[in-house]
Each structure stands twice: as C-alpha cells, then as structure tokens.
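Pasted below: protein.cif, mmCIF, C-alpha atoms, pLDDT in the B column; chains and numbers go by the auth columns.
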data_work
loop_
_atom_site.group_PDB
_atom_site.id
_atom_site.type_symbol
_atom_site.label_atom_id
_atom_site.label_comp_id
_atom_site.label_asym_id
_atom_site.label_seq_id
_atom_site.Cartn_x
_atom_site.Cartn_y
_atom_site.Cartn_z
_atom_site.B_iso_or_equiv
_atom_site.auth_seq_id
_atom_site.auth_asym_id
ATOM 1 C CA MET A 1 23.801 -28.699 3.889 81.00 1 A
ATOM 2 C CA ILE A 2 22.645 -32.299 3.967 82.00 2 A
ATOM 3 C CA VAL A 3 20.267 -33.237 1.186 81.00 3 A
ATOM 4 C CA ARG A 4 18.020 -36.152 2.049 88.00 4 A
ATOM 5 C CA LEU A 5 16.456 -38.288 -0.619 88.00 5 A
ATOM 6 C CA THR A 6 12.683 -38.597 -0.671 95.00 6 A
ATOM 7 C CA THR A 7 11.008 -41.976 -0.356 96.00 7 A
ATOM 8 C CA LYS A 8 10.275 -41.861 -4.094 97.00 8 A
ATOM 9 C CA GLU A 9 13.927 -41.176 -4.879 96.00 9 A
ATOM 10 C CA LEU A 10 15.059 -44.035 -2.627 97.00 10 A
ATOM 11 C CA LEU A 11 12.639 -46.415 -4.327 98.00 11 A
ATOM 12 C CA ALA A 12 13.877 -45.219 -7.735 97.00 12 A
ATOM 13 C CA ASP A 13 17.498 -45.801 -6.741 96.00 13 A
ATOM 14 C CA SER A 14 16.538 -49.236 -5.443 97.00 14 A
ATOM 15 C CA LEU A 15 14.954 -50.219 -8.762 98.00 15 A
ATOM 16 C CA LYS A 16 17.981 -48.920 -10.677 97.00 16 A
ATOM 17 C CA GLU A 17 20.331 -50.903 -8.451 97.00 17 A
ATOM 18 C CA LEU A 18 18.293 -54.089 -8.772 97.00 18 A
ATOM 19 C CA SER A 19 18.142 -53.654 -12.552 97.00 19 A
ATOM 20 C CA THR A 20 21.915 -54.123 -12.686 96.00 20 A
ATOM 21 C CA GLN A 21 21.369 -57.647 -11.365 96.00 21 A
ATOM 22 C CA LYS A 22 18.394 -58.897 -13.381 96.00 22 A
ATOM 23 C CA PRO A 23 15.782 -57.957 -16.003 97.00 23 A
ATOM 24 C CA VAL A 24 13.330 -55.345 -14.784 96.00 24 A
ATOM 25 C CA ASP A 25 10.327 -57.546 -15.564 95.00 25 A
ATOM 26 C CA LYS A 26 11.677 -60.069 -13.028 97.00 26 A
ATOM 27 C CA ILE A 27 12.014 -57.494 -10.219 97.00 27 A
ATOM 28 C CA THR A 28 9.142 -57.430 -7.733 97.00 28 A
ATOM 29 C CA VAL A 29 7.708 -54.537 -5.740 98.00 29 A
ATOM 30 C CA LYS A 30 8.653 -56.420 -2.576 98.00 30 A
ATOM 31 C CA GLU A 31 12.301 -56.580 -3.710 98.00 31 A
ATOM 32 C CA ILE A 32 12.346 -52.874 -4.600 98.00 32 A
ATOM 33 C CA ALA A 33 10.956 -51.924 -1.192 98.00 33 A
ATOM 34 C CA GLN A 34 13.118 -54.321 0.841 98.00 34 A
ATOM 35 C CA ASN A 35 16.279 -53.251 -0.998 97.00 35 A
ATOM 36 C CA CYS A 36 15.978 -49.784 0.550 95.00 36 A
ATOM 37 C CA GLY A 37 14.562 -50.840 3.907 96.00 37 A
ATOM 38 C CA PHE A 38 10.865 -50.248 3.222 97.00 38 A
ATOM 39 C CA THR A 39 7.797 -52.445 3.134 97.00 39 A
ATOM 40 C CA SER A 40 5.617 -53.074 0.101 97.00 40 A
ATOM 41 C CA LYS A 41 2.962 -50.926 1.809 97.00 41 A
ATOM 42 C CA THR A 42 5.341 -47.963 1.750 97.00 42 A
ATOM 43 C CA PHE A 43 5.950 -48.576 -1.960 97.00 43 A
ATOM 44 C CA TYR A 44 2.205 -48.618 -2.659 98.00 44 A
ATOM 45 C CA ASN A 45 1.753 -45.362 -0.727 98.00 45 A
ATOM 46 C CA HIS A 46 3.777 -43.712 -3.510 98.00 46 A
ATOM 47 C CA PHE A 47 3.301 -45.797 -6.663 97.00 47 A
ATOM 48 C CA GLN A 48 0.642 -48.068 -8.153 97.00 48 A
ATOM 49 C CA ASP A 49 3.190 -50.592 -9.401 96.00 49 A
ATOM 50 C CA LYS A 50 6.777 -50.775 -10.622 96.00 50 A
ATOM 51 C CA TYR A 51 5.744 -49.399 -14.026 95.00 51 A
ATOM 52 C CA ASP A 52 4.361 -46.307 -12.310 96.00 52 A
ATOM 53 C CA LEU A 53 7.770 -45.964 -10.618 97.00 53 A
ATOM 54 C CA ILE A 54 9.523 -46.357 -13.978 96.00 54 A
ATOM 55 C CA ALA A 55 7.289 -43.647 -15.463 94.00 55 A
ATOM 56 C CA TRP A 56 8.057 -41.371 -12.510 96.00 56 A
ATOM 57 C CA ILE A 57 11.807 -41.874 -12.920 96.00 57 A
ATOM 58 C CA TYR A 58 11.704 -40.955 -16.608 93.00 58 A
ATOM 59 C CA SER A 59 9.183 -38.110 -16.344 93.00 59 A
ATOM 60 C CA THR A 60 10.954 -36.298 -13.506 93.00 60 A
ATOM 61 C CA SER A 61 14.266 -36.427 -15.371 90.00 61 A
ATOM 62 C CA THR A 62 12.733 -35.317 -18.673 88.00 62 A
ATOM 63 C CA GLU A 63 10.664 -32.520 -17.159 87.00 63 A
ATOM 64 C CA LYS A 64 13.808 -31.038 -15.590 88.00 64 A
ATOM 65 C CA ILE A 65 15.359 -30.892 -19.057 89.00 65 A
ATOM 66 C CA MET A 66 12.266 -29.536 -20.844 83.00 66 A
ATOM 67 C CA ASP A 67 11.631 -26.886 -18.187 83.00 67 A
ATOM 68 C CA LYS A 68 14.913 -25.191 -19.159 86.00 68 A
ATOM 69 C CA ILE A 69 13.895 -24.412 -22.767 79.00 69 A
ATOM 70 C CA GLY A 70 13.914 -20.691 -23.445 74.00 70 A
ATOM 71 C CA LYS A 71 15.528 -19.815 -20.100 81.00 71 A
ATOM 72 C CA ASP A 72 19.001 -18.289 -19.892 84.00 72 A
ATOM 73 C CA GLY A 73 19.756 -18.971 -23.559 83.00 73 A
ATOM 74 C CA TYR A 74 18.855 -22.672 -23.299 86.00 74 A
ATOM 75 C CA GLU A 75 17.702 -23.791 -26.741 84.00 75 A
ATOM 76 C CA TRP A 76 16.288 -26.904 -28.364 84.00 76 A
ATOM 77 C CA ARG A 77 19.808 -28.060 -29.240 85.00 77 A
ATOM 78 C CA ASP A 78 20.639 -27.956 -25.505 89.00 78 A
ATOM 79 C CA THR A 79 17.544 -30.054 -24.784 88.00 79 A
ATOM 80 C CA LEU A 80 18.700 -32.657 -27.284 86.00 80 A
ATOM 81 C CA ARG A 81 22.200 -32.645 -25.808 88.00 81 A
ATOM 82 C CA ASP A 82 20.878 -33.081 -22.256 91.00 82 A
ATOM 83 C CA GLY A 83 18.396 -35.748 -23.378 87.00 83 A
ATOM 84 C CA PHE A 84 21.150 -37.629 -25.173 84.00 84 A
ATOM 85 C CA LYS A 85 23.387 -37.330 -22.103 87.00 85 A
ATOM 86 C CA TYR A 86 20.543 -38.678 -19.920 89.00 86 A
ATOM 87 C CA PHE A 87 20.216 -41.703 -22.216 85.00 87 A
ATOM 88 C CA LEU A 88 23.985 -42.305 -22.198 83.00 88 A
ATOM 89 C CA ASP A 89 24.348 -41.799 -18.427 89.00 89 A
ATOM 90 C CA ASN A 90 21.523 -44.268 -17.799 91.00 90 A
ATOM 91 C CA ARG A 91 22.278 -46.583 -20.723 87.00 91 A
ATOM 92 C CA GLU A 92 22.221 -49.928 -18.885 90.00 92 A
ATOM 93 C CA PHE A 93 19.055 -49.133 -16.913 94.00 93 A
ATOM 94 C CA LEU A 94 17.225 -47.806 -19.979 92.00 94 A
ATOM 95 C CA LYS A 95 18.432 -50.718 -22.106 90.00 95 A
ATOM 96 C CA ASN A 96 17.014 -53.093 -19.487 93.00 96 A
ATOM 97 C CA LEU A 97 13.703 -51.195 -19.551 93.00 97 A
ATOM 98 C CA ALA A 98 13.523 -51.185 -23.349 89.00 98 A
ATOM 99 C CA ALA A 99 14.294 -54.904 -23.599 89.00 99 A
ATOM 100 C CA ASN A 100 12.188 -56.128 -20.678 92.00 100 A
ATOM 101 C CA THR A 101 8.925 -54.200 -20.771 91.00 101 A
ATOM 102 C CA LYS A 102 6.195 -55.111 -23.207 89.00 102 A
ATOM 103 C CA GLY A 103 2.604 -54.322 -24.161 87.00 103 A
ATOM 104 C CA GLN A 104 0.824 -51.643 -22.150 84.00 104 A
ATOM 105 C CA ASP A 105 3.868 -51.447 -19.854 86.00 105 A
ATOM 106 C CA SER A 106 6.329 -50.929 -22.712 90.00 106 A
ATOM 107 C CA PHE A 107 8.927 -48.361 -21.719 91.00 107 A
ATOM 108 C CA ILE A 108 9.516 -47.329 -25.334 89.00 108 A
ATOM 109 C CA ASN A 109 5.803 -46.688 -25.847 91.00 109 A
ATOM 110 C CA TYR A 110 5.571 -44.756 -22.562 92.00 110 A
ATOM 111 C CA VAL A 111 8.574 -42.585 -23.430 92.00 111 A
ATOM 112 C CA ALA A 112 7.215 -41.763 -26.889 92.00 112 A
ATOM 113 C CA GLN A 113 3.764 -40.853 -25.533 93.00 113 A
ATOM 114 C CA PHE A 114 5.258 -38.819 -22.698 92.00 114 A
ATOM 115 C CA ASN A 115 7.571 -36.938 -25.069 92.00 115 A
ATOM 116 C CA VAL A 116 4.608 -36.162 -27.365 94.00 116 A
ATOM 117 C CA LYS A 117 2.713 -34.704 -24.408 93.00 117 A
ATOM 118 C CA VAL A 118 5.656 -32.653 -23.124 90.00 118 A
ATOM 119 C CA LEU A 119 6.597 -31.312 -26.560 91.00 119 A
ATOM 120 C CA SER A 120 2.949 -30.582 -27.449 93.00 120 A
ATOM 121 C CA ASP A 121 2.488 -28.703 -24.182 91.00 121 A
ATOM 122 C CA TYR A 122 5.661 -26.706 -24.820 87.00 122 A
ATOM 123 C CA VAL A 123 4.611 -25.802 -28.381 89.00 123 A
ATOM 124 C CA LYS A 124 1.166 -24.685 -27.147 92.00 124 A
ATOM 125 C CA ARG A 125 2.719 -22.547 -24.391 87.00 125 A
ATOM 126 C CA SER A 126 5.282 -21.020 -26.742 84.00 126 A
ATOM 127 C CA LYS A 127 2.544 -19.577 -28.977 87.00 127 A
ATOM 128 C CA ASN A 128 -0.337 -19.316 -26.467 92.00 128 A
ATOM 129 C CA LEU A 129 -2.382 -21.965 -28.257 92.00 129 A
ATOM 130 C CA GLU A 130 -5.355 -23.808 -26.780 94.00 130 A
ATOM 131 C CA SER A 131 -4.637 -26.781 -29.051 94.00 131 A
ATOM 132 C CA LEU A 132 -2.161 -27.712 -31.740 94.00 132 A
ATOM 133 C CA PRO A 133 -3.055 -27.319 -35.395 93.00 133 A
ATOM 134 C CA PRO A 134 -3.603 -30.855 -36.813 95.00 134 A
ATOM 135 C CA ASP A 135 -0.497 -30.752 -39.004 94.00 135 A
ATOM 136 C CA VAL A 136 1.714 -29.633 -36.097 95.00 136 A
ATOM 137 C CA GLU A 137 0.254 -32.382 -33.921 96.00 137 A
ATOM 138 C CA ILE A 138 1.297 -34.971 -36.546 96.00 138 A
ATOM 139 C CA PHE A 139 4.797 -33.466 -36.844 96.00 139 A
ATOM 140 C CA VAL A 140 5.210 -33.620 -33.050 96.00 140 A
ATOM 141 C CA LYS A 141 4.170 -37.279 -33.005 96.00 141 A
ATOM 142 C CA VAL A 142 6.396 -38.260 -35.924 95.00 142 A
ATOM 143 C CA TYR A 143 9.382 -36.461 -34.412 94.00 143 A
ATOM 144 C CA CYS A 144 8.892 -37.858 -30.896 93.00 144 A
ATOM 145 C CA TYR A 145 8.249 -41.443 -31.955 93.00 145 A
ATOM 146 C CA GLY A 146 11.162 -41.296 -34.399 91.00 146 A
ATOM 147 C CA THR A 147 13.658 -39.852 -31.922 89.00 147 A
ATOM 148 C CA VAL A 148 12.619 -42.270 -29.167 88.00 148 A
ATOM 149 C CA CYS A 149 13.120 -45.231 -31.509 86.00 149 A
ATOM 150 C CA ALA A 150 16.467 -43.803 -32.618 83.00 150 A
ATOM 151 C CA PHE A 151 17.635 -43.216 -29.034 79.00 151 A
ATOM 152 C CA CYS A 152 16.559 -46.726 -28.015 80.00 152 A
ATOM 153 C CA GLU A 153 18.400 -48.226 -30.966 79.00 153 A
ATOM 154 C CA MET A 154 21.484 -46.206 -30.029 76.00 154 A
ATOM 155 C CA LEU A 155 21.255 -47.668 -26.527 74.00 155 A
ATOM 156 C CA THR A 156 21.373 -51.220 -27.751 73.00 156 A
ATOM 157 C CA LYS A 157 23.999 -50.830 -30.455 74.00 157 A
ATOM 158 C CA GLU A 158 27.476 -49.421 -30.474 65.00 158 A
ATOM 159 C CA ILE A 159 27.455 -46.008 -32.093 65.00 159 A
ATOM 160 C CA SER A 160 30.366 -45.398 -34.405 70.00 160 A
ATOM 161 C CA MET A 161 30.046 -41.621 -34.430 73.00 161 A
ATOM 162 C CA PRO A 162 30.754 -38.956 -31.819 79.00 162 A
ATOM 163 C CA ASP A 163 27.954 -37.868 -29.489 78.00 163 A
ATOM 164 C CA GLU A 164 27.804 -34.371 -30.976 83.00 164 A
ATOM 165 C CA GLU A 165 27.330 -35.814 -34.453 85.00 165 A
ATOM 166 C CA CYS A 166 24.418 -37.959 -33.208 82.00 166 A
ATOM 167 C CA ILE A 167 22.850 -34.917 -31.550 84.00 167 A
ATOM 168 C CA LEU A 168 23.259 -32.905 -34.761 87.00 168 A
ATOM 169 C CA LEU A 169 21.549 -35.643 -36.797 86.00 169 A
ATOM 170 C CA ILE A 170 18.610 -35.757 -34.389 86.00 170 A
ATOM 171 C CA GLU A 171 18.385 -31.967 -34.504 87.00 171 A
ATOM 172 C CA LYS A 172 18.441 -32.014 -38.315 89.00 172 A
ATOM 173 C CA SER A 173 15.563 -34.505 -38.315 90.00 173 A
ATOM 174 C CA LEU A 174 13.285 -31.904 -36.686 91.00 174 A
ATOM 175 C CA PRO A 175 10.440 -31.246 -39.152 92.00 175 A
ATOM 176 C CA GLU A 176 10.677 -27.751 -40.623 90.00 176 A
ATOM 177 C CA PRO A 177 7.194 -26.658 -39.378 89.00 177 A
ATOM 178 C CA LEU A 178 8.239 -27.320 -35.755 90.00 178 A
ATOM 179 C CA LYS A 179 11.339 -25.130 -35.916 89.00 179 A
ATOM 180 C CA LYS A 180 9.353 -21.910 -35.496 87.00 180 A
ATOM 181 C CA TYR A 181 8.091 -23.239 -32.147 85.00 181 A
ATOM 182 C CA LEU A 182 11.435 -24.470 -30.865 85.00 182 A
ATOM 183 C CA TYR A 183 13.854 -21.856 -32.174 80.00 183 A
ATOM 184 C CA LYS A 184 13.805 -18.107 -32.285 72.00 184 A
ATOM 185 C CA ILE A 185 13.465 -17.620 -36.027 57.00 185 A
#
Written as structure tokens, how would this file's structure read?
Amino acid sequence: MIVRLTTKELLADSLKELSTQKPVDKITVKEIAQNCGFTSKTFYNHFQDKYDLIAWIYSTSTEKIMDKIGKDGYEWRDTLRDGFKYFLDNREFLKNLAANTKGQDSFINYVAQFNVKVLSDYVKRSKNLESLPPDVEIFVKVYCYGTVCAFCEMLTKEISMPDEECILLIEKSLPEPLKKYLYKI
C-alpha cells in the first residue's frame, strides 16, 4: 500500500531538509514552500508562519509518544526512552531550533510549555481531575522545564554516558508526588 505524505508532512520535511543547510531563523516561508514544489499561499493555508510549522512538527511527534502511556504495558519509562530517542534521532534539527529561535518564538520555551500542557492533561485524565492541585501543578512545571533544559543541553554537548543511563537519570529526577500519576503504585 502506498502511503502519501500530507501537505503538512511535506512542508515539515522541507523545513528539516533546509535546516541542514542553514540556521532555521534564516529560512523563509517561501524557501520552505518552493523546496517541496508549493507556493507560499499553500504554506499559509496550513500554517501561520514557520514557527507554527515547528510547533506542529514537535507536537505531533510528542503526542504520538504520550498517547501510548498506559496502553499495552507502556509506562513512563518507555515515554522517556522514546522521547530521548526522538531527540537523538532529530539531534541536528533540534539543535538548530534550540540555537536559532529566540524570544516568543523560542523552541526551548515552546517545548517546555507544550510538555507542561501534555503532562498536566495526562495527570488530570489519569485521576479524573478537573484541575491539578497547586502543588502537583508546580511539580509538573519544574519537571518539564528541567527535563527540556537537560535534553537541550544533551543535544549541544557530547554525552559521556550511555543512553540508558541518561534515561534512568531523567526518570530518577521525577518528583516523588508525580510518581503516583505516572506509575502504577
């Protein structure tokens, strides 16, 4: 069966390809569109700007990972492993994003905020909560911002420890009050 890429996926692949040639902040919407045979109008039919495309690329990948939690024995540790693998598999692209996006378009800031939302939503669903208790909300934020900064630092520096050891350290950094939401205790 032939699987055809959507327009969004083609635009995402175009941005990733172009990011191997120059900093992402120097890539234009016109270049992204032309690189895959589209017009800028087609791009704007799907995304507001290249930062919206960047957010879409990250969120679709992350949501696929987070949606697996609790299904078929998939645990938080598996989420960390898959998240770490995503960062390693996309190291050069993500490194370019981390180094060449700033201010309100900062990739690091977007990733941290997105991860807070996804993890908060998961915790609320796991216990049928309308909202997070204030202390849990703080633990989610601290954990997400800390792991995003750690992952981004790992992207830019050579890691002198095996992947599994890195994953274990990130798992161990999970605040104790969050464990009851993410593990069957």
Query raised in the report: Selected by the PyMOL selection byres ((chain A and resi 108) around 9) in the shown coordinates: which residues, as a PyMOL selection string?
Result: chain A and resi 97-98+101-102+105-107+109-113+145+148-149+152
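If you measure from each of A:Met154, A:Ala99, A:Val24, A:Leu10 to A:Thr42 using all atoms listed in the file, the closest one turns out to be A:Leu10.
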Determine the residue set returned by the PyMOL selection byres ((chain A and resi 13) around 12) for the present structure, and present it as a compact mmCIF listing (two decimals) with C-alpha atoms, in the frame of the given file.
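File produced: out.txt:
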# COMPACT_ATOMS: atom_id res chain seq x y z
CA LEU A 5 16.46 -38.29 -0.62
CA THR A 6 12.68 -38.60 -0.67
CA THR A 7 11.01 -41.98 -0.36
CA LYS A 8 10.28 -41.86 -4.09
CA GLU A 9 13.93 -41.18 -4.88
CA LEU A 10 15.06 -44.04 -2.63
CA LEU A 11 12.64 -46.42 -4.33
CA ALA A 12 13.88 -45.22 -7.74
CA SER A 14 16.54 -49.24 -5.44
CA LEU A 15 14.95 -50.22 -8.76
CA LYS A 16 17.98 -48.92 -10.68
CA GLU A 17 20.33 -50.90 -8.45
CA LEU A 18 18.29 -54.09 -8.77
CA SER A 19 18.14 -53.65 -12.55
CA THR A 20 21.92 -54.12 -12.69
CA ILE A 32 12.35 -52.87 -4.60
CA ALA A 33 10.96 -51.92 -1.19
CA ASN A 35 16.28 -53.25 -1.00
CA CYS A 36 15.98 -49.78 0.55
CA LEU A 53 7.77 -45.96 -10.62
CA ILE A 54 9.52 -46.36 -13.98
CA TRP A 56 8.06 -41.37 -12.51
CA ILE A 57 11.81 -41.87 -12.92
CA ASN A 90 21.52 -44.27 -17.80
CA PHE A 93 19.06 -49.13 -16.91
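Among the candidate residues A:Ile167, A:Asn100, A:Asp121, A:Asn45, the one lying nearest to A:Thr79 is A:Ile167, with distances computed using only C-alpha atoms.
Around A:Glu75, within 8 Å and counting only C-alpha atoms, the residues found are Ile69, Gly70, Asp78, Thr79, Leu182 and Tyr183 of chain A, once anything fewer than 3 positions away on its own chain is removed.
Minimum atom-to-atom distances from A:Phe151, A:Asp72, A:Lys26, A:Met161 to A:Leu94 were compared using all atoms listed in the file, and the lowest value belongs to A:Phe151.
Comparing A:Leu178, A:Ala150, A:Leu168, A:Cys144 by their smallest distance to A:Arg77, the closest is A:Leu168 (using only C-alpha atoms).
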Report task. Take the PyMOL selection byres ((chain A and resi 175) around 9), apply it to the structure above, and return the hits as JSON, numbers by chain. Result -> {"A": [139, 140, 142, 143, 172, 173, 174, 176, 177, 178, 179]}
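Atom CA of A:Asp52 sits 23.4 Å away from atom CA of A:Asp82.
Atom CA of A:Thr147 is positioned 27.1 Å from atom CA of A:Asp49.
Here atom CA of A:Val123 is placed at a distance of 13.8 Å from atom CA of A:Lys68.
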